[in-house]
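Below is protein18.cif, which holds mmCIF, C-alpha atoms.
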data_target
loop_
_atom_site.group_PDB
_atom_site.id
_atom_site.type_symbol
_atom_site.label_atom_id
_atom_site.label_comp_id
_atom_site.auth_asym_id
_atom_site.auth_seq_id
_atom_site.Cartn_x
_atom_site.Cartn_y
_atom_site.Cartn_z
ATOM 1 C CA MET R 1 112.551 25.772 -115.272
ATOM 2 C CA ALA R 2 109.147 26.765 -114.465
ATOM 3 C CA THR R 3 106.382 24.947 -115.847
ATOM 4 C CA ASP R 4 103.004 26.466 -115.883
ATOM 5 C CA GLU R 5 100.566 24.002 -114.652
ATOM 6 C CA THR R 6 97.074 24.987 -115.213
ATOM 7 C CA PRO R 7 94.696 23.494 -112.620
ATOM 8 C CA GLU R 8 92.104 21.371 -113.917
ATOM 9 C CA PRO R 9 88.592 22.580 -113.451
ATOM 10 C CA GLU R 10 86.708 20.841 -110.572
ATOM 11 C CA LYS R 11 84.154 18.486 -111.797
ATOM 12 C CA LYS R 12 80.675 18.897 -110.371
ATOM 13 C CA PRO R 13 78.788 15.793 -109.599
ATOM 14 C CA GLU R 14 76.095 15.147 -111.956
ATOM 15 C CA PRO R 15 72.643 14.943 -110.522
ATOM 16 C CA GLU R 16 71.418 11.502 -110.125
ATOM 17 C CA GLN R 17 68.438 10.893 -112.205
ATOM 18 C CA GLY R 18 66.121 8.025 -112.211
ATOM 19 C CA ARG R 19 67.005 6.953 -108.647
ATOM 20 C CA GLY R 20 64.055 5.265 -106.947
ATOM 21 C CA PRO R 21 63.370 4.009 -103.440
ATOM 22 C CA ALA R 22 65.437 0.984 -104.045
ATOM 23 C CA ASP R 23 68.461 3.183 -104.648
ATOM 24 C CA ARG R 24 68.012 5.002 -101.261
ATOM 25 C CA ARG R 25 70.400 3.798 -98.616
ATOM 26 C CA PRO R 26 70.403 4.512 -94.880
ATOM 27 C CA MET R 27 72.466 7.394 -93.707
ATOM 28 C CA PRO R 28 75.552 6.647 -91.663
ATOM 29 C CA PRO R 29 75.277 7.367 -87.898
ATOM 30 C CA GLU R 30 77.509 10.352 -88.055
ATOM 31 C CA SER R 31 75.387 11.956 -90.703
ATOM 32 C CA ARG R 32 72.015 11.500 -88.697
ATOM 33 C CA PRO R 33 70.584 14.646 -87.054
ATOM 34 C CA ALA R 34 71.006 14.890 -83.278
ATOM 35 C CA PRO R 35 67.999 14.657 -81.026
ATOM 36 C CA GLY R 36 66.231 17.990 -80.753
ATOM 37 C CA GLN R 37 67.481 19.104 -84.159
ATOM 38 C CA ALA R 38 65.983 18.854 -87.544
ATOM 39 C CA ALA R 39 67.748 17.347 -90.453
ATOM 40 C CA ASP R 40 69.146 20.736 -91.436
ATOM 41 C CA GLY R 41 70.652 21.372 -87.955
ATOM 42 C CA ALA R 42 67.792 23.526 -86.528
ATOM 43 C CA PRO R 43 66.513 22.647 -83.040
ATOM 44 C CA ASP R 44 63.345 20.552 -82.909
ATOM 45 C CA LYS R 45 60.554 22.559 -81.261
ATOM 46 C CA GLU R 46 58.474 19.487 -80.312
ATOM 47 C CA SER R 47 61.442 17.892 -78.563
ATOM 48 C CA ASP R 48 62.097 21.088 -76.649
ATOM 49 C CA GLY R 49 58.429 21.223 -75.495
ATOM 50 C CA GLY R 50 58.413 17.600 -74.291
ATOM 51 C CA ALA R 51 61.626 18.063 -72.396
ATOM 52 C CA GLN R 52 60.219 21.197 -70.732
ATOM 53 C CA ASN R 53 57.059 19.322 -69.656
ATOM 54 C CA GLU R 54 59.118 16.482 -68.206
ATOM 55 C CA GLY R 55 61.139 18.964 -66.197
ATOM 56 C CA GLU R 56 58.048 20.628 -64.775
ATOM 57 C CA ALA R 57 56.635 17.213 -63.720
ATOM 58 C CA ALA R 58 59.916 16.364 -62.009
ATOM 59 C CA ASP R 59 59.894 19.710 -60.187
ATOM 60 C CA ALA R 60 56.268 19.079 -59.036
ATOM 61 C CA ALA R 61 57.166 15.611 -57.727
ATOM 62 C CA THR R 62 60.138 17.080 -55.916
ATOM 63 C CA SER R 63 57.964 19.774 -54.350
ATOM 64 C CA ASP R 64 55.369 17.177 -53.182
ATOM 65 C CA THR R 65 57.976 15.130 -51.355
ATOM 66 C CA THR R 66 59.570 18.172 -49.818
ATOM 67 C CA PRO R 67 58.407 18.892 -46.240
ATOM 68 C CA GLU R 68 56.818 22.211 -45.281
ATOM 69 C CA ASP R 69 59.984 23.430 -43.553
ATOM 70 C CA GLY R 70 61.760 23.518 -46.888
ATOM 71 C CA THR R 71 64.134 20.606 -46.295
ATOM 72 C CA PRO R 72 64.106 18.055 -49.042
ATOM 73 C CA GLY R 73 62.526 14.716 -48.047
ATOM 74 C CA GLN R 74 62.259 11.216 -49.379
ATOM 75 C CA PRO R 75 59.070 9.896 -51.028
ATOM 76 C CA GLU R 76 56.789 7.709 -48.795
ATOM 77 C CA THR R 77 56.997 3.964 -49.176
ATOM 78 C CA GLY R 78 54.032 1.616 -49.578
ATOM 79 C CA ARG R 79 54.175 0.484 -45.905
ATOM 80 C CA GLN R 80 54.107 4.055 -44.682
ATOM 81 C CA ARG R 81 51.069 4.839 -46.810
ATOM 82 C CA LEU R 82 49.322 1.629 -45.555
ATOM 83 C CA ALA R 83 50.069 2.498 -41.919
ATOM 84 C CA ALA R 84 48.793 6.047 -42.448
ATOM 85 C CA SER R 85 45.534 4.718 -43.897
ATOM 86 C CA LEU R 86 44.993 2.229 -40.967
ATOM 87 C CA TRP R 87 45.884 4.461 -37.993
ATOM 88 C CA PRO R 88 44.227 6.330 -36.522
ATOM 89 C CA PRO R 89 41.109 4.301 -37.286
ATOM 90 C CA ARG R 90 38.213 6.117 -38.885
ATOM 91 C CA LEU R 91 35.079 4.055 -38.161
ATOM 92 C CA THR R 92 31.758 5.018 -39.585
ATOM 93 C CA ARG R 93 28.325 3.862 -38.428
ATOM 94 C CA ALA R 94 27.983 1.507 -41.368
ATOM 95 C CA GLN R 95 31.358 -0.085 -40.633
ATOM 96 C CA LEU R 96 30.412 -0.553 -36.968
ATOM 97 C CA ILE R 97 27.131 -2.246 -37.909
ATOM 98 C CA VAL R 98 28.949 -4.524 -40.344
ATOM 99 C CA ALA R 99 31.460 -5.438 -37.618
ATOM 100 C CA VAL R 100 28.677 -6.338 -35.164
ATOM 101 C CA LEU R 101 26.904 -8.461 -37.778
ATOM 102 C CA LEU R 102 30.130 -10.257 -38.583
ATOM 103 C CA PHE R 103 30.695 -10.940 -34.867
ATOM 104 C CA ILE R 104 27.193 -12.401 -34.476
ATOM 105 C CA LEU R 105 27.676 -14.498 -37.592
ATOM 106 C CA GLY R 106 30.979 -15.820 -36.281
ATOM 107 C CA LEU R 107 29.425 -16.663 -32.915
ATOM 108 C CA GLY R 108 26.593 -18.551 -34.618
ATOM 109 C CA LEU R 109 29.056 -20.489 -36.718
ATOM 110 C CA ALA R 110 31.062 -21.385 -33.597
ATOM 111 C CA ILE R 111 27.947 -22.662 -31.827
ATOM 112 C CA GLN R 112 26.929 -24.631 -34.903
ATOM 113 C CA VAL R 113 30.374 -26.191 -35.143
ATOM 114 C CA ARG R 114 30.298 -27.082 -31.447
ATOM 115 C CA SER R 115 26.868 -28.717 -31.660
ATOM 116 C CA THR R 116 27.966 -30.590 -34.742
ATOM 117 C CA SER R 117 31.070 -31.825 -32.949
ATOM 118 C CA ASP R 118 28.937 -32.957 -29.981
ATOM 119 C CA SER R 119 26.609 -34.997 -32.187
ATOM 120 C CA SER R 120 29.491 -36.375 -34.165
ATOM 121 C CA ALA R 121 30.247 -38.726 -31.252
ATOM 122 C CA LEU R 122 26.976 -40.556 -31.831
ATOM 123 C CA ARG R 123 27.579 -40.770 -35.551
ATOM 124 C CA GLY R 124 30.664 -42.860 -35.015
ATOM 125 C CA ALA R 125 29.110 -45.080 -32.326
ATOM 126 C CA ARG R 126 28.377 -48.719 -32.922
ATOM 127 C CA GLN R 127 24.895 -50.134 -33.237
ATOM 128 C CA GLU R 128 25.163 -51.894 -29.863
ATOM 129 C CA ASP R 129 26.123 -48.610 -28.168
ATOM 130 C CA LEU R 130 23.225 -46.782 -29.812
ATOM 131 C CA VAL R 131 20.777 -49.465 -28.669
ATOM 132 C CA ARG R 132 22.144 -49.258 -25.105
ATOM 133 C CA ILE R 133 21.849 -45.460 -25.093
ATOM 134 C CA LEU R 134 18.277 -45.695 -26.401
ATOM 135 C CA ASP R 135 17.363 -48.189 -23.673
ATOM 136 C CA GLU R 136 18.839 -45.905 -21.010
ATOM 137 C CA LEU R 137 16.838 -42.971 -22.345
ATOM 138 C CA ASP R 138 13.639 -45.046 -22.292
ATOM 139 C CA ASN R 139 14.299 -46.138 -18.719
ATOM 140 C CA ARG R 140 15.019 -42.585 -17.650
ATOM 141 C CA SER R 141 11.862 -41.354 -19.331
ATOM 142 C CA GLN R 142 9.842 -44.038 -17.536
ATOM 143 C CA ARG R 143 11.383 -43.103 -14.179
ATOM 144 C CA LEU R 144 10.586 -39.441 -14.766
ATOM 145 C CA THR R 145 7.004 -40.330 -15.690
ATOM 146 C CA ASP R 146 6.616 -42.364 -12.505
ATOM 147 C CA GLU R 147 8.106 -39.524 -10.487
ATOM 148 C CA GLN R 148 5.680 -37.100 -12.087
ATOM 149 C CA ARG R 149 2.720 -39.320 -11.191
ATOM 150 C CA ARG R 150 3.966 -39.680 -7.614
ATOM 151 C CA LEU R 151 4.360 -35.923 -7.229
ATOM 152 C CA GLU R 152 0.926 -35.321 -8.718
ATOM 153 C CA GLY R 153 -0.531 -37.784 -6.209
ATOM 154 C CA GLN R 154 1.202 -35.989 -3.355
ATOM 155 C CA LYS R 155 -0.122 -32.701 -4.669
ATOM 156 C CA THR R 156 -3.670 -34.073 -4.732
ATOM 157 C CA GLU R 157 -3.298 -35.428 -1.208
ATOM 158 C CA LEU R 158 -1.951 -32.107 0.018
ATOM 159 C CA GLU R 159 -4.798 -30.240 -1.641
ATOM 160 C CA ASN R 160 -7.347 -32.610 -0.132
ATOM 161 C CA SER R 161 -5.694 -32.449 3.264
ATOM 162 C CA SER R 162 -5.531 -28.687 2.974
ATOM 163 C CA ASP R 163 -9.222 -28.600 2.145
ATOM 164 C CA GLN R 164 -9.940 -30.963 4.992
ATOM 165 C CA ALA R 165 -7.806 -28.894 7.346
ATOM 166 C CA GLU R 166 -9.599 -25.733 6.260
ATOM 167 C CA GLU R 167 -12.961 -27.418 6.746
ATOM 168 C CA ALA R 168 -11.883 -28.713 10.139
ATOM 169 C CA ARG R 169 -10.718 -25.252 11.106
ATOM 170 C CA LYS R 170 -14.067 -23.755 10.097
ATOM 171 C CA GLN R 171 -15.914 -26.417 12.056
ATOM 172 C CA THR R 172 -13.668 -25.793 15.039
ATOM 173 C CA VAL R 173 -14.382 -22.058 14.926
ATOM 174 C CA GLU R 174 -18.124 -22.674 14.645
ATOM 175 C CA LYS R 175 -18.017 -25.199 17.476
ATOM 176 C CA GLU R 176 -16.035 -22.797 19.603
ATOM 177 C CA GLN R 177 -18.631 -20.084 19.023
ATOM 178 C CA GLN R 178 -21.471 -22.451 19.864
ATOM 179 C CA LEU R 179 -19.761 -23.600 23.033
ATOM 180 C CA GLY R 180 -18.948 -19.998 23.855
ATOM 181 C CA VAL R 181 -22.624 -19.099 23.612
ATOM 182 C CA LEU R 182 -23.573 -21.993 25.870
ATOM 183 C CA ALA R 183 -20.743 -21.256 28.285
ATOM 184 C CA GLY R 184 -21.526 -17.546 28.310
ATOM 185 C CA THR R 185 -18.002 -16.493 27.231
ATOM 186 C CA VAL R 186 -19.164 -14.746 24.035
ATOM 187 C CA ALA R 187 -22.051 -12.419 23.299
ATOM 188 C CA ALA R 188 -25.050 -13.725 21.373
ATOM 189 C CA GLN R 189 -27.880 -12.262 19.359
ATOM 190 C CA GLY R 190 -30.979 -13.582 17.632
ATOM 191 C CA PRO R 191 -34.764 -13.709 17.820
ATOM 192 C CA GLY R 192 -36.408 -14.320 21.143
ATOM 193 C CA ILE R 193 -38.557 -12.798 23.907
ATOM 194 C CA ASN R 194 -38.311 -10.236 26.696
ATOM 195 C CA LEU R 195 -39.803 -11.284 30.028
ATOM 196 C CA ALA R 196 -40.367 -8.680 32.758
ATOM 197 C CA ILE R 197 -41.432 -9.658 36.321
ATOM 198 C CA ASP R 198 -42.431 -6.850 38.679
ATOM 199 C CA ASP R 199 -42.949 -7.987 42.292
ATOM 200 C CA PRO R 200 -43.957 -5.067 44.513
ATOM 201 C CA THR R 201 -44.813 -7.378 47.439
ATOM 202 C CA HIS R 202 -41.417 -9.177 47.316
ATOM 203 C CA SER R 203 -43.154 -12.531 47.186
ATOM 204 C CA VAL R 204 -41.177 -13.924 44.249
ATOM 205 C CA GLU R 205 -38.290 -15.930 45.590
ATOM 206 C CA ALA R 206 -35.387 -17.819 44.067
ATOM 207 C CA ASP R 207 -37.356 -21.002 43.490
ATOM 208 C CA LYS R 208 -39.889 -19.153 41.285
ATOM 209 C CA LEU R 209 -37.103 -17.647 39.180
ATOM 210 C CA LEU R 210 -35.432 -21.073 38.894
ATOM 211 C CA ASP R 211 -38.735 -22.586 37.673
ATOM 212 C CA THR R 212 -38.931 -19.837 35.050
ATOM 213 C CA ILE R 213 -35.369 -20.573 33.842
ATOM 214 C CA GLN R 214 -36.091 -24.308 33.675
ATOM 215 C CA GLU R 215 -39.297 -23.717 31.683
ATOM 216 C CA LEU R 216 -37.442 -21.497 29.192
ATOM 217 C CA ARG R 217 -34.694 -24.116 28.726
ATOM 218 C CA ALA R 218 -37.284 -26.818 28.170
ATOM 219 C CA ALA R 219 -38.939 -24.625 25.483
ATOM 220 C CA GLY R 220 -35.645 -24.313 23.580
ATOM 221 C CA ALA R 221 -33.934 -21.217 24.994
ATOM 222 C CA GLU R 222 -30.272 -21.046 23.862
ATOM 223 C CA ALA R 223 -29.079 -18.007 25.805
ATOM 224 C CA ILE R 224 -30.603 -16.426 28.936
ATOM 225 C CA GLN R 225 -29.660 -13.283 30.754
ATOM 226 C CA VAL R 226 -31.340 -12.057 33.980
ATOM 227 C CA ASN R 227 -30.669 -8.361 34.534
ATOM 228 C CA ASP R 228 -26.871 -8.249 34.101
ATOM 229 C CA VAL R 229 -26.094 -11.909 34.941
ATOM 230 C CA ARG R 230 -25.531 -14.567 32.275
ATOM 231 C CA VAL R 231 -27.303 -17.822 33.009
ATOM 232 C CA VAL R 232 -25.205 -20.926 32.167
ATOM 233 C CA ALA R 233 -25.263 -24.631 33.005
ATOM 234 C CA ASN R 234 -23.767 -24.244 36.514
ATOM 235 C CA THR R 235 -25.813 -21.187 37.470
ATOM 236 C CA TYR R 236 -27.311 -21.303 40.948
ATOM 237 C CA LEU R 237 -29.863 -19.047 42.706
ATOM 238 C CA SER R 238 -30.245 -18.284 46.388
ATOM 239 C CA ASP R 239 -32.498 -16.142 48.570
ATOM 240 C CA VAL R 240 -31.020 -13.302 50.562
ATOM 241 C CA ARG R 241 -32.567 -10.625 52.745
ATOM 242 C CA GLY R 242 -34.612 -8.352 50.486
ATOM 243 C CA GLY R 243 -33.881 -10.106 47.227
ATOM 244 C CA VAL R 244 -32.279 -12.946 45.226
ATOM 245 C CA GLU R 245 -28.673 -13.760 44.315
ATOM 246 C CA ILE R 246 -27.705 -15.430 41.009
ATOM 247 C CA ASP R 247 -24.224 -16.961 41.010
ATOM 248 C CA GLY R 248 -23.401 -14.831 44.014
ATOM 249 C CA LYS R 249 -24.546 -11.524 42.470
ATOM 250 C CA ARG R 250 -27.562 -9.745 43.936
ATOM 251 C CA VAL R 251 -30.312 -8.971 41.450
ATOM 252 C CA THR R 252 -33.151 -6.554 42.196
ATOM 253 C CA GLN R 253 -36.597 -6.257 40.763
ATOM 254 C CA PRO R 254 -38.011 -5.821 38.319
ATOM 255 C CA PHE R 255 -36.499 -9.033 37.037
ATOM 256 C CA ARG R 256 -35.878 -8.715 33.301
ATOM 257 C CA PHE R 257 -35.162 -11.822 31.276
ATOM 258 C CA LYS R 258 -33.536 -11.687 27.816
ATOM 259 C CA VAL R 259 -34.056 -15.015 26.098
ATOM 260 C CA ILE R 260 -32.784 -16.067 22.659
ATOM 261 C CA GLY R 261 -34.738 -18.839 20.980
ATOM 262 C CA LYS R 262 -37.771 -19.465 18.828
ATOM 263 C CA PRO R 263 -40.411 -16.970 19.960
ATOM 264 C CA GLU R 264 -43.291 -19.206 18.769
ATOM 265 C CA ASP R 265 -42.161 -21.878 21.258
ATOM 266 C CA LEU R 266 -41.008 -19.696 24.154
ATOM 267 C CA GLU R 267 -44.088 -17.540 24.618
ATOM 268 C CA PRO R 268 -46.685 -20.370 24.588
ATOM 269 C CA ALA R 269 -44.530 -22.349 27.029
ATOM 270 C CA LEU R 270 -44.780 -19.515 29.559
ATOM 271 C CA ASN R 271 -48.510 -18.890 29.031
ATOM 272 C CA ILE R 272 -49.803 -22.472 29.259
ATOM 273 C CA PRO R 273 -52.446 -23.093 31.931
ATOM 274 C CA GLY R 274 -50.734 -23.660 35.256
ATOM 275 C CA GLY R 275 -47.471 -22.420 33.816
ATOM 276 C CA VAL R 276 -45.007 -19.755 34.879
ATOM 277 C CA VAL R 277 -47.175 -16.730 34.164
ATOM 278 C CA GLN R 278 -50.180 -17.998 36.144
ATOM 279 C CA THR R 279 -47.958 -19.077 39.046
ATOM 280 C CA LEU R 280 -46.300 -15.634 39.272
ATOM 281 C CA GLU R 281 -49.580 -13.831 38.966
ATOM 282 C CA LYS R 282 -50.870 -15.824 41.960
ATOM 283 C CA GLU R 283 -48.001 -14.294 43.900
ATOM 284 C CA GLN R 284 -49.432 -10.871 42.920
ATOM 285 C CA ALA R 285 -46.541 -10.220 40.470
ATOM 286 C CA LYS R 286 -46.984 -8.503 37.161
ATOM 287 C CA VAL R 287 -45.648 -10.470 34.162
ATOM 288 C CA ALA R 288 -45.149 -9.112 30.612
ATOM 289 C CA VAL R 289 -43.971 -11.218 27.676
ATOM 290 C CA THR R 290 -43.053 -9.620 24.291
ATOM 291 C CA ARG R 291 -41.618 -11.126 21.158
ATOM 292 C CA GLU R 292 -38.563 -9.521 19.515
ATOM 293 C CA GLU R 293 -36.858 -10.085 16.187
ATOM 294 C CA LYS R 294 -33.466 -9.324 17.675
ATOM 295 C CA ILE R 295 -32.414 -9.986 21.246
ATOM 296 C CA ILE R 296 -28.838 -9.153 22.321
ATOM 297 C CA VAL R 297 -27.382 -11.071 25.235
ATOM 298 C CA ASN R 298 -24.134 -9.290 26.113
ATOM 299 C CA ALA R 299 -23.493 -10.314 29.719
ATOM 300 C CA LEU R 300 -20.329 -12.475 29.777
ATOM 301 C CA ARG R 301 -18.769 -14.942 32.145
ATOM 302 C CA VAL R 302 -15.143 -15.871 32.603
ATOM 303 C CA ALA R 303 -14.325 -19.421 31.519
ATOM 304 C CA LYS R 304 -12.823 -21.311 34.427
ATOM 305 C CA ARG R 305 -10.727 -24.414 34.179
ATOM 306 C CA PRO R 306 -12.311 -27.328 35.992
ATOM 307 C CA ASP R 307 -10.393 -28.491 39.018
ATOM 308 C CA TYR R 308 -10.979 -32.222 38.551
ATOM 309 C CA ALA R 309 -12.812 -32.903 35.311
ATOM 310 C CA ARG R 310 -10.710 -33.640 32.251
ATOM 311 C CA SER R 311 -11.611 -34.650 28.695
ATOM 312 C CA SER R 312 -11.734 -38.392 28.216
ATOM 313 C CA SER R 313 -11.070 -38.262 24.446
ATOM 314 C CA GLN R 314 -7.432 -38.892 23.576
#

As structure tokens - that is how I would like this structure written.
Amino acid sequence: MATDETPEPEKKPEPEQGRGPADRRPMPPESRPAPGQAADGAPDKESDGGAQNEGEAADAATSDTTPEDGTPGQPETGRQRLAASLWPPRLTRAQLIVAVLLFILGLGLAIQVRSTSDSSALRGARQEDLVRILDELDNRSQRLTDEQRRLEGQKTELENSSDQAEEARKQTVEKEQQLGVLAGTVAAQGPGINLAIDDPTHSVEADKLLDTIQELRAAGAEAIQVNDVRVVANTYLSDVRGGVEIDGKRVTQPFRFKVIGKPEDLEPALNIPGGVVQTLEKEQAKVAVTREEKIIVNALRVAKRPDYARSSSQ
């Protein structure tokens, strides 16, 4: 037996009215919208844009770490980047100057530390040791002062002796020249007279010439030359046939005397009454005496060593 059952009409939920924030409850997890979708199921455009940007950044990072040959590589570590920045070195002029200054500063500090360490030994010394060191320094200073005075005295003596030696050398040279003039070994010049004796009758002999030489020496003659013969202390004269020899050399008339001395004394000594000039004129010889400001006696003799005589000064 069929029974007609009429379905009951579906009841619609009545809209909730008067529901405030306190009546709102959190949605269950299964009813929350998925990421990238809105609440109504549509995809979220902002989420899609962020995801796209993150993908592009990842692709760029991947391309930076990929070598040029196309093979994928691994990103560099911190040590590799540090090594790449240190080698090869890239020094600039400023860095080099800074390095040099740092080296000089370090050297100065090392020297300062060393000097400080050297003086630190005295800082820790006892008072007795310091007094002993001070006494040793005073004694050393006194010894050095005495040594300085001694050396200065030696220097003064050497200077004086050097001056004395130089003076003695000068005196020796002057004495040698004087003795050379007297010995006839060196030439001489100075004021004096010229004496010319012309004997046409050949009546003037060696004794008359010797008297003339002796008169000139007595008047102060220092150097005498007859013709080309130098008259010295051991000069001798002798008569030969037709003339006179002086020290073994024949001299002919006219006899010409070159005499160095004071002309004011030499000429009057020859012209005194009864002197050389009057004696020669009695022998019918012609005598001429002239004064000269400069007489040159250049006839020389060879110095001979005495055979027996020796100096008595030791």

Could you list, as a PyMOL selection string, every residue within 7 Å of Gly184 in chain R, counting all atoms listed in the file and ignoring same-chain residues fewer than 6 positions away?
chain R and resi 230+232+300-301

Have a look at CA of Val259 in chain R and CA of Arg305 in chain R and let me know their distance in Å, one decimal.
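Separating CA of Val259 in chain R from CA of Arg305 in chain R is a distance of 26.4 Å.
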
Quick one: pull the distance between CA of Val276 in chain R and CA of Thr212 in chain R, Å, one decimal.
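One can read the CA of Val276 in chain R to CA of Thr212 in chain R distance as 6.1 Å.
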
What is the CA of Ala299 in chain R-CA of Glu267 in chain R distance in Å, reported with one decimal?
22.4 Å

So which residues get picked by the PyMOL selection byres ((chain R and resi 264-266) around 10) here, written as a ChimeraX atom specification?
/R:192-193,215-221,259-263,267-271,289,291

Here's a test: counting only C-alpha atoms, identify every protein, DNA and RNA residue with an atom at most 8 Å from (-35.7, -9.4, 28.2) in the file's coordinate frame, and state them as number ranges by chain.
R: 193-196, 225-226, 256-259, 295

Output the selection as a PDB file, in the frame of the given file - C-alpha atoms for each residue.
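As a result, out20.pdb now contains:
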ATOM      1  CA  ILE R 193     -38.557 -12.798  23.907  1.00  0.00           C
ATOM      2  CA  ASN R 194     -38.311 -10.236  26.696  1.00  0.00           C
ATOM      3  CA  LEU R 195     -39.803 -11.284  30.028  1.00  0.00           C
ATOM      4  CA  ALA R 196     -40.367  -8.680  32.758  1.00  0.00           C
ATOM      5  CA  GLN R 225     -29.660 -13.283  30.754  1.00  0.00           C
ATOM      6  CA  VAL R 226     -31.340 -12.057  33.980  1.00  0.00           C
ATOM      7  CA  ARG R 256     -35.878  -8.715  33.301  1.00  0.00           C
ATOM      8  CA  PHE R 257     -35.162 -11.822  31.276  1.00  0.00           C
ATOM      9  CA  LYS R 258     -33.536 -11.687  27.816  1.00  0.00           C
ATOM     10  CA  VAL R 259     -34.056 -15.015  26.098  1.00  0.00           C
ATOM     11  CA  ILE R 295     -32.414  -9.986  21.246  1.00  0.00           C
TER      12      ILE R 295
END

Name the closest residue to Val204 in chain R among the candidates R:Arg149, R:Arg143, R:Arg93, R:Lys286; distances are taken between atoms, counting all atoms listed in the file.
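Closest residue, counting all atoms listed in the file: R:Lys286.
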
Do you know which residues lie at most 12 Å from (-31.8, -13.3, 45.7), with coordinates as in the file and all atoms listed in the file counted, and could you write them as number ranges by chain?
R: 202-210, 226, 236-253, 255

Rank nothing, just name the residue among R:Gln177, R:Asp211, R:Thr92, R:Leu182 nearest to Thr279 in chain R, using only C-alpha atoms.
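Selected residue with least distance to Thr279 in chain R: R:Asp211.
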
Out of R:Glu222, R:Glu152, R:Glu157, R:Asp199, which residue has the shortest atom-to-atom distance to Glu283 in chain R when counting only C-alpha atoms?
R:Asp199

Which is closer to Pro200 in chain R than all the others in R:Ala83, R:Val302, R:Ala285, R:Val113, using all atoms listed in the file?
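Looking only at the distances to Pro200 in chain R, the closest residue turns out to be R:Ala285.
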